[in-house]
$ cat start17.cif   # mmCIF, C-alpha atoms and all ligand atoms
data_coords
loop_
_atom_site.label_atom_id
_atom_site.label_comp_id
_atom_site.auth_asym_id
_atom_site.auth_seq_id
_atom_site.Cartn_x
_atom_site.Cartn_y
_atom_site.Cartn_z
CA MET L 1 -6.84 32.85 12.52
CA ASN L 2 -9.28 30.95 10.34
CA ASN L 3 -10.76 28.26 12.57
CA ASN L 4 -11.76 26.01 9.70
CA ILE L 5 -8.36 25.18 8.28
CA GLN L 6 -8.49 22.08 6.10
CA PRO L 7 -5.61 19.90 4.93
CA ILE L 8 -4.02 20.81 1.61
CA ARG L 9 -5.97 19.70 -1.48
CA GLY L 10 -5.23 16.06 -2.26
CA MET L 11 -3.92 15.36 1.24
CA LYS L 12 -5.92 13.95 4.09
CA ASP L 13 -5.81 13.16 7.77
CA LEU L 14 -5.94 9.49 8.61
CA TYR L 15 -7.57 8.47 11.86
CA ALA L 16 -9.95 6.00 13.53
CA VAL L 17 -10.78 2.92 11.40
CA ASP L 18 -8.58 4.22 8.54
CA MET L 19 -5.57 4.13 10.83
CA ASP L 20 -6.54 0.63 11.98
CA LYS L 21 -6.62 -0.44 8.35
CA TYR L 22 -3.30 1.28 7.68
CA GLU L 23 -1.72 -0.54 10.59
CA PHE L 24 -3.27 -3.86 9.56
CA ILE L 25 -1.92 -3.52 6.00
CA ILE L 26 1.59 -2.60 7.11
CA SER L 27 1.77 -5.30 9.76
CA THR L 28 0.48 -7.98 7.39
CA ALA L 29 2.97 -6.92 4.71
CA ARG L 30 5.77 -6.90 7.24
CA LYS L 31 4.86 -10.33 8.59
CA ILE L 32 4.92 -11.82 5.10
CA SER L 33 8.05 -9.95 4.03
CA LYS L 34 9.88 -11.50 7.00
CA LYS L 35 9.21 -14.97 5.58
CA TYR L 36 10.80 -13.78 2.34
CA CYS L 37 13.78 -12.49 4.39
CA TYR L 38 13.33 -8.75 3.80
CA SER L 39 14.67 -6.26 6.31
CA LEU L 40 13.28 -2.76 6.82
CA ILE L 41 14.78 0.47 5.58
CA GLU L 42 13.65 4.03 6.11
CA THR L 43 15.03 6.86 4.01
CA PRO L 44 14.33 10.60 4.31
CA ILE L 45 11.12 11.91 2.77
CA VAL L 46 13.12 14.75 1.19
CA GLU L 47 16.00 14.10 -1.22
CA SER L 48 18.11 16.22 -3.53
CA THR L 49 16.02 16.82 -6.62
CA ALA L 50 18.77 15.25 -8.73
CA VAL L 51 18.04 11.85 -7.15
CA PHE L 52 14.68 11.71 -8.92
CA HIS L 53 15.78 13.38 -12.15
CA MET L 54 18.51 10.78 -12.48
CA ALA L 55 16.47 7.74 -11.60
CA ILE L 56 12.98 8.41 -12.89
CA GLY L 57 13.82 10.45 -16.00
CA ASN L 58 13.11 14.04 -17.01
CA GLU L 59 10.43 13.23 -19.59
CA THR L 60 8.26 11.21 -17.24
CA ASP L 61 5.05 12.81 -15.95
CA VAL L 62 6.24 12.21 -12.40
CA VAL L 63 9.38 14.33 -12.83
CA SER L 64 8.18 16.89 -15.37
CA LYS L 65 4.77 17.63 -13.81
CA GLU L 66 4.17 16.07 -10.45
CA MET L 67 7.10 16.71 -8.14
CA TYR L 68 6.97 18.94 -5.06
CA THR L 69 10.29 20.68 -5.59
CA PHE L 70 11.53 23.70 -3.66
CA LEU L 71 14.70 25.55 -2.74
CA ASP L 72 15.67 25.26 0.90
CA LYS L 73 17.18 28.14 2.84
CA GLY L 74 20.62 27.21 1.53
CA LYS L 75 19.24 27.44 -2.07
CA GLU L 76 19.58 23.72 -2.59
CA SER L 77 16.87 22.14 -4.76
CA LEU L 78 15.01 19.52 -2.74
CA THR L 79 12.05 17.31 -3.61
CA LEU L 80 9.46 15.47 -1.53
CA ARG L 81 9.86 11.89 -2.70
CA PRO L 82 7.32 10.90 -5.36
CA GLU L 83 8.25 7.21 -5.02
CA GLY L 84 10.51 5.06 -2.90
CA THR L 85 12.89 3.16 -5.16
CA ALA L 86 15.18 6.07 -6.08
CA GLY L 87 15.76 7.00 -2.42
CA VAL L 88 16.41 3.39 -1.45
CA MET L 89 19.00 3.01 -4.25
CA ARG L 90 20.61 6.28 -3.15
CA ALA L 91 20.69 4.93 0.43
CA ILE L 92 22.23 1.61 -0.61
CA ALA L 93 24.95 3.49 -2.48
CA SER L 94 25.49 6.17 0.22
CA ASN L 95 25.84 3.58 2.98
CA HIS L 96 27.79 1.06 0.88
CA LEU L 97 25.19 -1.51 1.88
CA MET L 98 26.20 -3.87 -0.90
CA GLN L 99 29.69 -4.16 0.54
CA SER L 100 28.58 -5.01 4.04
CA THR L 101 25.81 -7.40 3.03
CA SER L 102 26.08 -10.53 1.00
CA LEU L 103 23.72 -10.75 -1.96
CA PRO L 104 20.83 -10.73 -2.33
CA LEU L 105 19.84 -7.59 -0.46
CA LYS L 106 16.11 -7.42 0.22
CA LEU L 107 14.58 -4.27 1.65
CA MET L 108 11.06 -3.24 2.58
CA TYR L 109 9.98 0.33 3.25
CA TYR L 110 6.74 2.21 3.79
CA GLY L 111 5.67 5.79 4.19
CA PRO L 112 4.28 8.88 2.47
CA MET L 113 4.92 9.80 -1.16
CA PHE L 114 4.01 13.09 -2.87
CA ARG L 115 2.81 13.74 -6.41
CA TYR L 116 1.12 16.89 -7.69
CA ASP L 117 -1.49 14.85 -9.53
CA ARG L 118 -5.17 15.68 -10.05
CA PRO L 119 -6.89 14.45 -6.88
CA GLN L 120 -9.77 11.99 -7.32
CA LYS L 121 -11.03 8.83 -5.68
CA GLY L 122 -7.99 6.73 -4.78
CA ARG L 123 -5.57 9.39 -6.10
CA TYR L 124 -4.01 11.86 -3.70
CA ARG L 125 -1.16 14.31 -3.59
CA GLN L 126 0.14 12.75 -0.42
CA PHE L 127 -0.37 9.00 -0.39
CA HIS L 128 1.40 6.06 1.18
CA GLN L 129 3.17 3.12 -0.32
CA ILE L 130 4.68 -0.10 0.95
CA GLY L 131 7.63 -0.95 -1.25
CA PHE L 132 10.05 -3.81 -1.71
CA GLU L 133 13.42 -3.90 -3.45
CA TYR L 134 15.36 -7.08 -4.21
CA LEU L 135 18.96 -6.56 -5.37
CA GLY L 136 20.98 -9.38 -6.91
CA ASN L 137 20.05 -12.82 -8.26
CA LYS L 138 18.79 -11.48 -11.57
CA GLY L 139 16.61 -14.10 -13.23
CA ALA L 140 13.13 -15.39 -13.75
CA TYR L 141 12.98 -17.08 -10.34
CA THR L 142 13.61 -13.79 -8.57
CA ASP L 143 11.03 -11.94 -10.67
CA ALA L 144 8.35 -14.57 -10.13
CA ILE L 145 9.06 -14.88 -6.39
CA THR L 146 8.85 -11.09 -6.07
CA ILE L 147 5.48 -11.04 -7.81
CA SER L 148 4.30 -13.88 -5.62
CA LEU L 149 5.28 -11.85 -2.52
CA ALA L 150 3.03 -9.03 -3.75
CA TYR L 151 0.23 -11.47 -4.47
CA GLU L 152 0.53 -13.16 -1.09
CA ILE L 153 0.30 -9.82 0.72
CA LEU L 154 -2.85 -8.94 -1.20
CA VAL L 155 -4.46 -12.30 -0.43
CA ASN L 156 -3.58 -11.92 3.24
CA ILE L 157 -5.27 -8.56 3.52
CA GLY L 158 -8.36 -10.07 1.94
CA LEU L 159 -7.94 -9.15 -1.74
CA TYR L 160 -8.33 -12.66 -3.17
CA ASN L 161 -9.42 -11.54 -6.56
CA CYS L 162 -6.41 -9.87 -8.17
CA THR L 163 -4.82 -10.13 -11.60
CA VAL L 164 -1.20 -9.35 -12.37
CA PHE L 165 -0.73 -7.53 -15.68
CA ILE L 166 2.74 -8.27 -16.91
CA ASN L 167 5.03 -7.22 -19.73
CA SER L 168 8.71 -7.20 -20.57
CA LEU L 169 10.64 -4.13 -21.67
CA GLY L 170 13.55 -6.37 -22.58
CA GLY L 171 17.21 -5.58 -22.19
CA LEU L 172 18.99 -2.66 -23.84
CA SER L 173 19.24 -4.09 -27.35
CA SER L 174 15.58 -5.21 -27.59
CA ARG L 175 14.49 -1.87 -26.26
CA GLN L 176 16.64 0.07 -28.70
CA ASP L 177 15.07 -1.84 -31.61
CA TYR L 178 11.64 -1.22 -30.19
CA ILE L 179 12.25 2.50 -29.68
CA LYS L 180 13.36 2.82 -33.31
CA ALA L 181 10.09 1.19 -34.38
CA LEU L 182 8.13 3.52 -32.12
CA VAL L 183 9.85 6.58 -33.57
CA ARG L 184 9.11 5.38 -37.12
CA PHE L 185 5.47 4.85 -36.21
CA PHE L 186 4.82 8.05 -34.24
CA SER L 187 6.74 10.21 -36.76
CA LEU L 188 4.02 9.34 -39.28
CA TYR L 189 1.44 10.88 -36.94
CA LYS L 190 3.56 13.59 -35.37
CA GLU L 191 1.06 16.41 -35.92
CA LYS L 192 -1.70 14.32 -34.30
CA LEU L 193 0.31 13.84 -31.11
CA SER L 194 -0.24 16.12 -28.10
CA PRO L 195 2.43 18.85 -27.66
CA ASP L 196 3.91 16.88 -24.74
CA SER L 197 4.19 13.74 -26.81
CA GLN L 198 5.77 15.63 -29.72
CA ILE L 199 8.54 16.58 -27.31
CA ARG L 200 8.69 13.01 -26.01
CA LEU L 201 9.09 11.77 -29.59
CA ASP L 202 12.42 13.60 -29.75
CA LYS L 203 13.56 13.07 -26.20
CA ASN L 204 12.08 9.82 -24.85
CA PRO L 205 9.64 8.10 -27.23
CA LEU L 206 8.78 5.28 -24.80
CA ARG L 207 7.05 7.80 -22.56
CA ILE L 208 4.45 8.51 -25.28
CA LEU L 209 2.96 5.17 -24.23
CA ASP L 210 2.14 6.58 -20.75
CA SER L 211 0.40 9.65 -22.17
CA LYS L 212 -2.95 10.46 -20.59
CA ASP L 213 -4.05 12.46 -23.67
CA LEU L 214 -7.00 10.68 -25.32
CA ASN L 215 -5.76 11.12 -28.92
CA ASP L 216 -2.33 9.86 -27.93
CA ARG L 217 -3.92 6.86 -26.28
CA GLU L 218 -5.84 5.95 -29.43
CA LEU L 219 -2.62 6.14 -31.45
CA CYS L 220 -0.81 4.03 -28.86
CA LYS L 221 -3.29 1.22 -29.43
CA LEU L 222 -2.01 1.02 -33.02
CA ALA L 223 1.67 1.42 -32.17
CA PRO L 224 4.18 -1.46 -32.44
CA LYS L 225 4.26 -3.78 -29.44
CA ILE L 226 7.43 -4.50 -27.48
CA GLN L 227 6.58 -8.20 -27.41
CA ASP L 228 7.41 -8.30 -31.15
CA TYR L 229 10.85 -6.76 -30.59
CA LEU L 230 12.20 -8.90 -27.77
CA ASN L 231 15.34 -10.78 -28.79
CA LYS L 232 15.56 -14.50 -28.15
CA GLU L 233 17.23 -14.18 -24.76
CA ASP L 234 14.74 -11.57 -23.48
CA ARG L 235 11.80 -13.57 -24.81
CA THR L 236 13.00 -16.72 -23.01
CA TYR L 237 13.45 -14.72 -19.81
CA PHE L 238 9.90 -13.40 -20.06
CA ASN L 239 8.41 -16.80 -20.91
CA ASN L 240 10.17 -18.29 -17.91
CA VAL L 241 8.66 -15.67 -15.62
CA CYS L 242 5.18 -16.40 -17.02
CA ASN L 243 5.67 -20.17 -16.63
CA LEU L 244 6.66 -19.69 -13.01
CA LEU L 245 3.56 -17.58 -12.38
CA ASN L 246 1.52 -20.49 -13.77
CA LYS L 247 3.34 -22.82 -11.42
CA PHE L 248 2.62 -20.54 -8.44
CA GLY L 249 -1.06 -20.34 -9.38
CA ILE L 250 -0.95 -16.57 -9.82
CA ARG L 251 -3.60 -15.12 -12.11
CA TYR L 252 -1.94 -12.95 -14.76
CA GLU L 253 -2.44 -11.42 -18.18
CA ILE L 254 0.20 -10.21 -20.61
CA ASP L 255 -0.30 -6.51 -21.34
CA SER L 256 2.06 -5.43 -24.07
CA ASN L 257 1.22 -1.75 -23.52
CA LEU L 258 2.45 -1.83 -19.94
CA VAL L 259 5.59 0.33 -19.90
CA ARG L 260 4.93 2.06 -16.54
CA GLY L 261 5.67 5.71 -16.11
CA LEU L 262 9.25 5.60 -14.87
CA ASP L 263 12.40 5.41 -16.99
CA TYR L 264 14.35 2.92 -14.95
CA TYR L 265 12.49 -0.27 -15.84
CA THR L 266 14.05 -3.08 -17.88
CA HIS L 267 12.77 -6.62 -18.53
CA THR L 268 9.80 -7.56 -16.32
CA THR L 269 7.23 -4.88 -15.52
CA PHE L 270 3.93 -5.53 -13.80
CA GLU L 271 0.87 -3.97 -12.29
CA ILE L 272 -1.77 -5.54 -10.11
CA LYS L 273 -5.46 -4.77 -10.37
CA LEU L 274 -8.66 -6.21 -8.98
CA SER L 275 -9.95 -8.87 -11.38
CA ASP L 276 -13.59 -7.76 -11.17
CA GLY L 277 -12.95 -4.72 -13.38
CA ILE L 278 -15.07 -2.50 -11.11
CA TYR L 279 -12.11 -0.59 -9.72
CA THR L 280 -9.73 -0.34 -12.65
CA ASP L 281 -6.77 1.62 -11.30
CA ALA L 282 -3.70 -0.34 -10.27
CA ILE L 283 -3.31 -1.23 -6.61
CA GLY L 284 0.37 -1.92 -7.04
CA GLY L 285 3.09 -2.15 -9.60
CA GLY L 286 6.77 -2.57 -10.17
CA GLY L 287 9.43 -4.14 -12.27
CA ARG L 288 13.07 -4.90 -12.84
CA TYR L 289 15.72 -2.21 -13.11
CA ASP L 290 19.17 -3.04 -14.43
CA ASN L 291 21.02 0.22 -14.12
CA LEU L 292 19.63 2.13 -11.21
CA LEU L 293 22.08 1.30 -8.46
CA LYS L 294 25.02 2.00 -10.77
CA LEU L 295 23.57 5.45 -11.51
CA PHE L 296 24.00 6.31 -7.84
CA GLY L 297 27.60 5.15 -7.77
CA GLY L 298 26.76 1.70 -6.40
CA PRO L 299 27.85 -1.59 -7.97
CA ASP L 300 26.38 -2.77 -11.26
CA ILE L 301 23.70 -4.98 -9.76
CA SER L 302 20.25 -5.48 -11.13
CA GLY L 303 17.19 -5.26 -8.90
CA ILE L 304 13.47 -5.75 -8.94
CA GLY L 305 10.90 -4.00 -6.82
CA PHE L 306 7.29 -3.06 -6.46
CA ALA L 307 5.07 -0.77 -4.44
CA LEU L 308 1.51 -1.15 -3.21
CA GLY L 309 -0.65 1.95 -2.72
CA ILE L 310 -1.93 1.88 0.84
CA GLU L 311 -4.89 4.26 0.30
CA ARG L 312 -6.15 2.08 -2.54
CA LEU L 313 -5.82 -1.03 -0.42
CA MET L 314 -7.61 0.69 2.47
CA MET L 315 -10.44 1.62 0.14
CA LEU L 316 -10.84 -1.92 -1.18
CA ILE L 317 -10.40 -4.21 1.79
CA ASP L 318 -13.30 -5.41 3.82
CA TYR L 319 -11.81 -4.78 7.22
CA LYS L 320 -13.33 -5.62 10.53
CA SER L 321 -11.61 -3.59 13.20
CA ASN L 322 -11.18 -5.38 16.50
CA LEU L 323 -12.46 -2.11 17.95
CA GLU L 324 -15.82 -3.16 16.56
CA SER L 325 -15.95 -5.71 19.35
CA LYS L 326 -14.90 -3.40 22.15
CA ILE L 327 -15.90 -4.32 25.68
CA ALA L 328 -16.99 -1.92 28.42
CA VAL L 329 -16.52 -2.75 32.08
CA ILE L 330 -19.08 -0.71 34.02
CA PRO L 331 -19.31 -0.54 37.81
CA VAL L 332 -22.84 0.46 38.83
CA SER L 333 -21.57 2.57 41.73
CA GLU L 334 -18.29 3.52 43.36
CA ASN L 335 -18.63 0.50 45.64
CA GLU L 336 -17.95 -1.82 42.69
CA ASP L 337 -15.04 0.18 41.23
CA ASN L 338 -12.32 -2.01 42.67
CA TYR L 339 -13.91 -5.30 41.74
CA SER L 340 -14.56 -3.97 38.22
CA LEU L 341 -11.02 -2.68 37.88
CA ASP L 342 -9.73 -6.23 38.48
CA ILE L 343 -11.94 -7.52 35.69
CA PHE L 344 -10.81 -4.70 33.39
CA GLN L 345 -7.16 -5.61 33.98
CA ASN L 346 -7.91 -9.28 33.47
CA LEU L 347 -9.45 -8.51 30.06
CA LEU L 348 -6.43 -6.43 29.05
CA GLN L 349 -4.17 -9.36 29.93
CA TYR L 350 -6.13 -11.41 27.40
CA ASP L 351 -5.79 -8.66 24.75
CA PHE L 352 -9.45 -7.65 24.61
CA PRO L 353 -9.97 -4.00 23.57
CA THR L 354 -11.64 -2.74 26.72
CA GLU L 355 -12.95 0.54 28.15
CA PHE L 356 -13.34 1.05 31.90
CA ILE L 357 -16.35 3.33 32.31
CA TRP L 358 -16.57 4.56 35.88
CA ASN L 359 -16.74 8.29 35.44
CA ALA L 360 -20.45 9.15 35.16
CA THR L 361 -23.17 9.83 37.69
CA SER L 362 -25.61 7.06 36.81
CA LEU L 363 -25.66 3.62 35.23
CA ARG L 364 -27.79 4.96 32.39
CA LYS L 365 -25.18 7.59 31.56
CA LYS L 366 -22.40 5.00 31.71
CA ILE L 367 -24.30 2.79 29.25
CA GLU L 368 -24.80 5.79 26.97
CA ILE L 369 -21.06 6.46 27.03
CA ALA L 370 -20.33 2.80 26.22
CA SER L 371 -22.77 2.96 23.34
CA LYS L 372 -21.18 6.16 21.96
CA LEU L 373 -17.78 4.49 22.19
CA ASN L 374 -19.20 1.66 20.05
CA CYS L 375 -18.71 -0.98 22.72
CA LYS L 376 -20.39 -4.22 21.78
CA PHE L 377 -20.26 -6.03 25.10
CA LEU L 378 -21.05 -4.39 28.42
CA LEU L 379 -19.99 -6.05 31.65
CA ILE L 380 -22.22 -4.47 34.26
CA ILE L 381 -21.14 -4.94 37.84
CA GLY L 382 -23.47 -4.02 40.70
CA GLU L 383 -23.82 -5.11 44.30
CA ASP L 384 -25.37 -8.48 43.35
CA GLU L 385 -22.67 -9.27 40.81
CA VAL L 386 -19.96 -8.69 43.38
CA LYS L 387 -21.76 -10.85 45.95
CA THR L 388 -22.44 -13.78 43.59
CA ASP L 389 -19.49 -13.47 41.17
CA GLN L 390 -22.07 -13.60 38.39
CA ILE L 391 -21.46 -10.75 35.92
CA THR L 392 -24.23 -9.24 33.83
CA VAL L 393 -23.16 -9.17 30.18
CA LYS L 394 -25.18 -7.09 27.75
CA GLN L 395 -24.58 -7.20 24.04
CA LEU L 396 -25.29 -4.01 22.10
CA THR L 397 -26.03 -3.91 18.40
CA SER L 398 -26.50 -0.29 17.45
CA ASN L 399 -27.09 3.02 19.17
CA GLU L 400 -30.86 2.78 18.76
CA ASP L 401 -31.26 -0.85 19.70
CA ILE L 402 -29.34 -0.85 22.92
CA SER L 403 -29.70 -4.34 24.30
CA ILE L 404 -30.54 -7.47 22.43
CA LYS L 405 -29.03 -10.05 24.71
CA GLN L 406 -28.40 -10.08 28.40
CA LYS L 407 -26.89 -12.94 30.37
CA LYS L 408 -25.31 -13.67 33.71
CA ILE L 409 -21.89 -15.25 33.34
CA ASN L 410 -19.73 -16.59 36.12
CA ARG L 411 -16.68 -14.42 36.63
CA ASN L 412 -14.34 -17.35 35.90
CA GLN L 413 -16.09 -17.97 32.59
CA ILE L 414 -15.98 -14.38 31.31
CA ILE L 415 -12.81 -14.76 29.24
CA ASN L 416 -14.00 -17.97 27.58
CA PHE L 417 -17.41 -16.51 26.94
CA LEU L 418 -16.02 -13.38 25.27
CA LYS L 419 -13.53 -15.37 23.22
CA THR L 420 -16.28 -17.49 21.69
CA GLU L 421 -18.67 -14.58 21.22
CA ILE L 422 -16.16 -12.26 19.62
CA ILE L 423 -14.46 -14.67 17.25
P1 LIG L 501 3.80 3.76 -8.98
O1 LIG L 501 4.85 4.23 -8.01
O2 LIG L 501 3.28 4.85 -9.86
O3 LIG L 501 4.17 2.52 -9.65
O4 LIG L 501 2.53 3.38 -8.08
C1 LIG L 501 2.46 2.22 -7.29
C2 LIG L 501 1.12 2.23 -6.58
O5 LIG L 501 1.03 3.37 -5.74
C3 LIG L 501 -0.06 2.37 -7.51
O6 LIG L 501 -0.45 1.12 -8.02
C4 LIG L 501 -1.11 2.95 -6.60
O7 LIG L 501 -1.69 1.93 -5.81
C5 LIG L 501 -0.31 3.85 -5.70
N1 LIG L 501 -0.35 5.24 -6.15
C6 LIG L 501 0.38 5.84 -7.12
N2 LIG L 501 0.06 7.14 -7.24
C7 LIG L 501 -0.91 7.37 -6.32
C8 LIG L 501 -1.66 8.53 -5.94
N3 LIG L 501 -1.47 9.72 -6.52
N4 LIG L 501 -2.59 8.40 -4.95
C9 LIG L 501 -2.79 7.21 -4.35
N5 LIG L 501 -2.10 6.09 -4.65
C10 LIG L 501 -1.19 6.16 -5.62
#
$ encode --input "start17.cif" --output "structure tokens"
Amino acid sequence: MNNNIQPIRGMKDLYAVDMDKYEFIISTARKISKKYCYSLIETPIVESTAVFHMAIGNETDVVSKEMYTFLDKGKESLTLRPEGTAGVMRAIASNHLMQSTSLPLKLMYYGPMFRYDRPQKGRYRQFHQIGFEYLGNKGAYTDAITISLAYEILVNIGLYNCTVFINSLGGLSSRQDYIKALVRFFSLYKEKLSPDSQIRLDKNPLRILDSKDLNDRELCKLAPKIQDYLNKEDRTYFNNVCNLLNKFGIRYEIDSNLVRGLDYYTHTTFEIKLSDGIYTDAIGGGGRYDNLLKLFGGPDISGIGFALGIERLMMLIDYKSNLESKIAVIPVSENEDNYSLDIFQNLLQYDFPTEFIWNATSLRKKIEIASKLNCKFLLIIGEDEVKTDQITVKQLTSNEDISIKQKKINRNQIINFLKTEII
């Protein structure tokens, strides 16, 4: 067997600091979502292919090009989920969750998603999202509060500098007017459109606006804008959302080309990007969907949701792992093992990430191990330390520069000392 097997292209193993970041992002999002009264849901990673065809739409890139679809042994067509909302709506309908819960229903989920996209920095074939769905209470308050939840999560993981790009796709009647205008416009340039977009022109003209083809994108810049086709009611709705974002102090820009690549959106759509313009891909996005739950046989209740891409967040946050301040408790010889073990357990009680390094033949080797494990503080316990209850604490900076500081600290003061040094 080949002993250099790598993960599948576009998929990667997550470990070490990446997993710390992953955990930090999920736990921060979960902590904040609890304030907003969301409960957790987990749905299967694999669904019947029809779930995504129905919800996302056949002409979208996600469904037509990017899905991992296969026949199982019973010849049923299954798909690895490319996004979370469709599965959550299916689950709400399958489990009759709307009957057993009073509105609104607020659900958070997280986990892997799969899209056969071209891998590049921040774009993978298996990636992870944290998602939120809010069913019921359709209105500007709900939309703005949902966006502020996304914003608050980003601030709390250290992304202070984000901008929300927002648009409205209006309700059915505004959108129908807009689609007619799009068809009129793109029909004039039909032969200039990519083959995919020529098909979209007949089947789902709105999707031309997501095209990645460069010629299509140039034409899209000239195309009619949905903002000019919103009826009075939809315009008021959208203005109210924007006014609330002002009130919440959320930085946003209206982007009238933002239609997002999935068919189910209605009214508010949004994407969040870093404001500095250095990394320009979205770190999250979402919007309102009026008809999705009904499609799955659930009640006719509108929802709004969004998803944040965990890999992109991991790439952008400046994260200091608490493992960067690991402590090593090192008995000089077997004689100090017991005394050292007590100190080790004491540190664990106070939640310090701690290694107990007893298993090497000399103190030098034990210090080398501590250094390789990236321990920053070494508590070295020899005969003298045990006799006097004064512990030698060494602080390491890097592998080359082993000790920069060394102090004797009274055993009773160790916890206080480490707390002030580490924080
Ligand atoms: P979407 O479901 O397309 O609205 O995407 C929501 C978020 O998921 C995006 O803003 C990205 O942060 C992330 N995302 C989408 N596709 C990928 C991908 N192929 N690789 C990594 N992250 C992704």
$ axis_aligned_box --input "start17.cif" --around "segment 146-164 of chain L" --padding-each-side "5 Å" --output "AutoDock Vina command-line options"
--center_x -0.3 --center_y -11.2 --center_z -4.4 --size_x 28.3 --size_y 15.3 --size_z 25.9
$ residues_near_ligand --input "start17.cif" --ligand "ligand LIG 501 (chain L)" --cutoff "6 Å" --atoms "only C-alpha atoms and all ligand atoms" --output "PyMOL selection string"
chain L and resi 83+115+117+122-125+127+129+282-286+307-309+311-312
$ closest_atom_pairs --input "start17.cif" --of "segment 284-381 of chain L" --to "segment 154-172 of chain L" --cutoff "10 Å" --atoms "all atoms listed in the file" --output "Markdown table"
| residue | atom | partner | partner_atom | distance |
| --- | --- | --- | --- | --- |
| L:Gly284 | CA | L:Val164 | CA | 9.3 |
| L:Gly285 | CA | L:Val164 | CA | 8.8 |
| L:Gly286 | CA | L:Ile166 | CA | 9.7 |
| L:Gly287 | CA | L:Ser168 | CA | 8.9 |
| L:Arg288 | CA | L:Ser168 | CA | 9.2 |
| L:Tyr289 | CA | L:Gly171 | CA | 9.8 |
| L:Asp290 | CA | L:Gly171 | CA | 8.4 |
| L:Leu308 | CA | L:Leu154 | CA | 9.2 |
| L:Leu313 | CA | L:Leu154 | CA | 8.5 |
| L:Met314 | CA | L:Ile157 | CA | 9.6 |
| L:Leu316 | CA | L:Leu159 | CA | 7.8 |
| L:Ile317 | CA | L:Gly158 | CA | 6.2 |
| L:Asp318 | CA | L:Gly158 | CA | 7.0 |
| L:Tyr319 | CA | L:Gly158 | CA | 8.2 |
$ closest_residue --input "start17.cif" --among "L:Phe296, L:Phe132, L:Tyr36, L:Phe70" --to "Met89 of chain L" --atoms "only C-alpha atoms"
L:Phe296
$ residues_around --input "start17.cif" --residues "segment 54-61 of chain L" --least-positions-apart "5" --cutoff "9 Å" --atoms "all atoms listed in the file" --output "PyMOL selection string"
chain L and resi 49+66-67+85-86+199-200+203-204+207+210-211+261-264+292+295-296
$ write_last_selection --input "start17.cif" --atoms "C-alpha atoms" --output "compact mmCIF listing (two decimals), keeping the file's coordinate frame"
# COMPACT_ATOMS: atom_id res chain seq x y z
CA THR L 49 16.02 16.82 -6.62
CA GLU L 66 4.17 16.07 -10.45
CA MET L 67 7.10 16.71 -8.14
CA THR L 85 12.89 3.16 -5.16
CA ALA L 86 15.18 6.07 -6.08
CA ILE L 199 8.54 16.58 -27.31
CA ARG L 200 8.69 13.01 -26.01
CA LYS L 203 13.56 13.07 -26.20
CA ASN L 204 12.08 9.82 -24.85
CA ARG L 207 7.05 7.80 -22.56
CA ASP L 210 2.14 6.58 -20.75
CA SER L 211 0.40 9.65 -22.17
CA GLY L 261 5.67 5.71 -16.11
CA LEU L 262 9.25 5.60 -14.87
CA ASP L 263 12.40 5.41 -16.99
CA TYR L 264 14.35 2.92 -14.95
CA LEU L 292 19.63 2.13 -11.21
CA LEU L 295 23.57 5.45 -11.51
CA PHE L 296 24.00 6.31 -7.84
$ closest_residue --input "start17.cif" --among "L:Thr268, L:Asn243, L:Gln413, L:Ser33" --to "Tyr109 of chain L" --atoms "all atoms listed in the file"
L:Ser33
$ residues_around --input "start17.cif" --residues "Phe248 of chain L" --least-positions-apart "3" --cutoff "8 Å" --atoms "all atoms listed in the file" --output "MDAnalysis selection string"
chainID L and resid 148 244:245
$ atom_distance --input "start17.cif" --atom1 "atom CA of Pro104 of chain L" --atom2 "atom CA of Gly87 of chain L"
18.4 Å
$ residues_around --input "start17.cif" --residues "Leu379 of chain L" --least-positions-apart "3" --cutoff "9 Å" --atoms "only C-alpha atoms" --output "CSV table (one decimal) with C-alpha atoms, keeping the file's coordinate frame"
chain,number,residue,atom,x,y,z
L,327,ILE,CA,-15.9,-4.3,25.7
L,328,ALA,CA,-17.0,-1.9,28.4
L,329,VAL,CA,-16.5,-2.8,32.1
L,330,ILE,CA,-19.1,-0.7,34.0
L,331,PRO,CA,-19.3,-0.5,37.8
L,340,SER,CA,-14.6,-4.0,38.2
L,391,ILE,CA,-21.5,-10.8,35.9
L,392,THR,CA,-24.2,-9.2,33.8
L,393,VAL,CA,-23.2,-9.2,30.2
L,394,LYS,CA,-25.2,-7.1,27.8
L,395,GLN,CA,-24.6,-7.2,24.0
$ residues_around --input "start17.cif" --residues "Gly382 of chain L" --least-positions-apart "2" --cutoff "7 Å" --atoms "only C-alpha atoms" --output "PyMOL selection string"
chain L and resi 331-333+336+380+384-386
$ residues_near_point --input "start17.cif" --point "(12.6, 5.1, -0.1)" --cutoff "9 Å" --atoms "all atoms listed in the file" --output "list of chain:residue names"
L:Ile41, L:Glu42, L:Thr43, L:Pro44, L:Ile45, L:Arg81, L:Glu83, L:Gly84, L:Thr85, L:Ala86, L:Gly87, L:Val88, L:Met89, L:Arg90, L:Ala91, L:Met108, L:Tyr109, L:Tyr110, L:Gly111, L:Gly131
$ closest_residue --input "start17.cif" --among "L:Ile304, L:Met113, L:Leu214, L:Ala144" --to "Asn240 of chain L" --atoms "only C-alpha atoms"
L:Ala144
$ closest_residue --input "start17.cif" --among "L:Leu418, L:Leu363, L:Ala150, L:Leu341" --to "Ile272 of chain L" --atoms "only C-alpha atoms"
L:Ala150
$ atom_distance --input "start17.cif" --atom1 "atom CA of Asp196 of chain L" --atom2 "atom CA of Ala181 of chain L"
19.4 Å
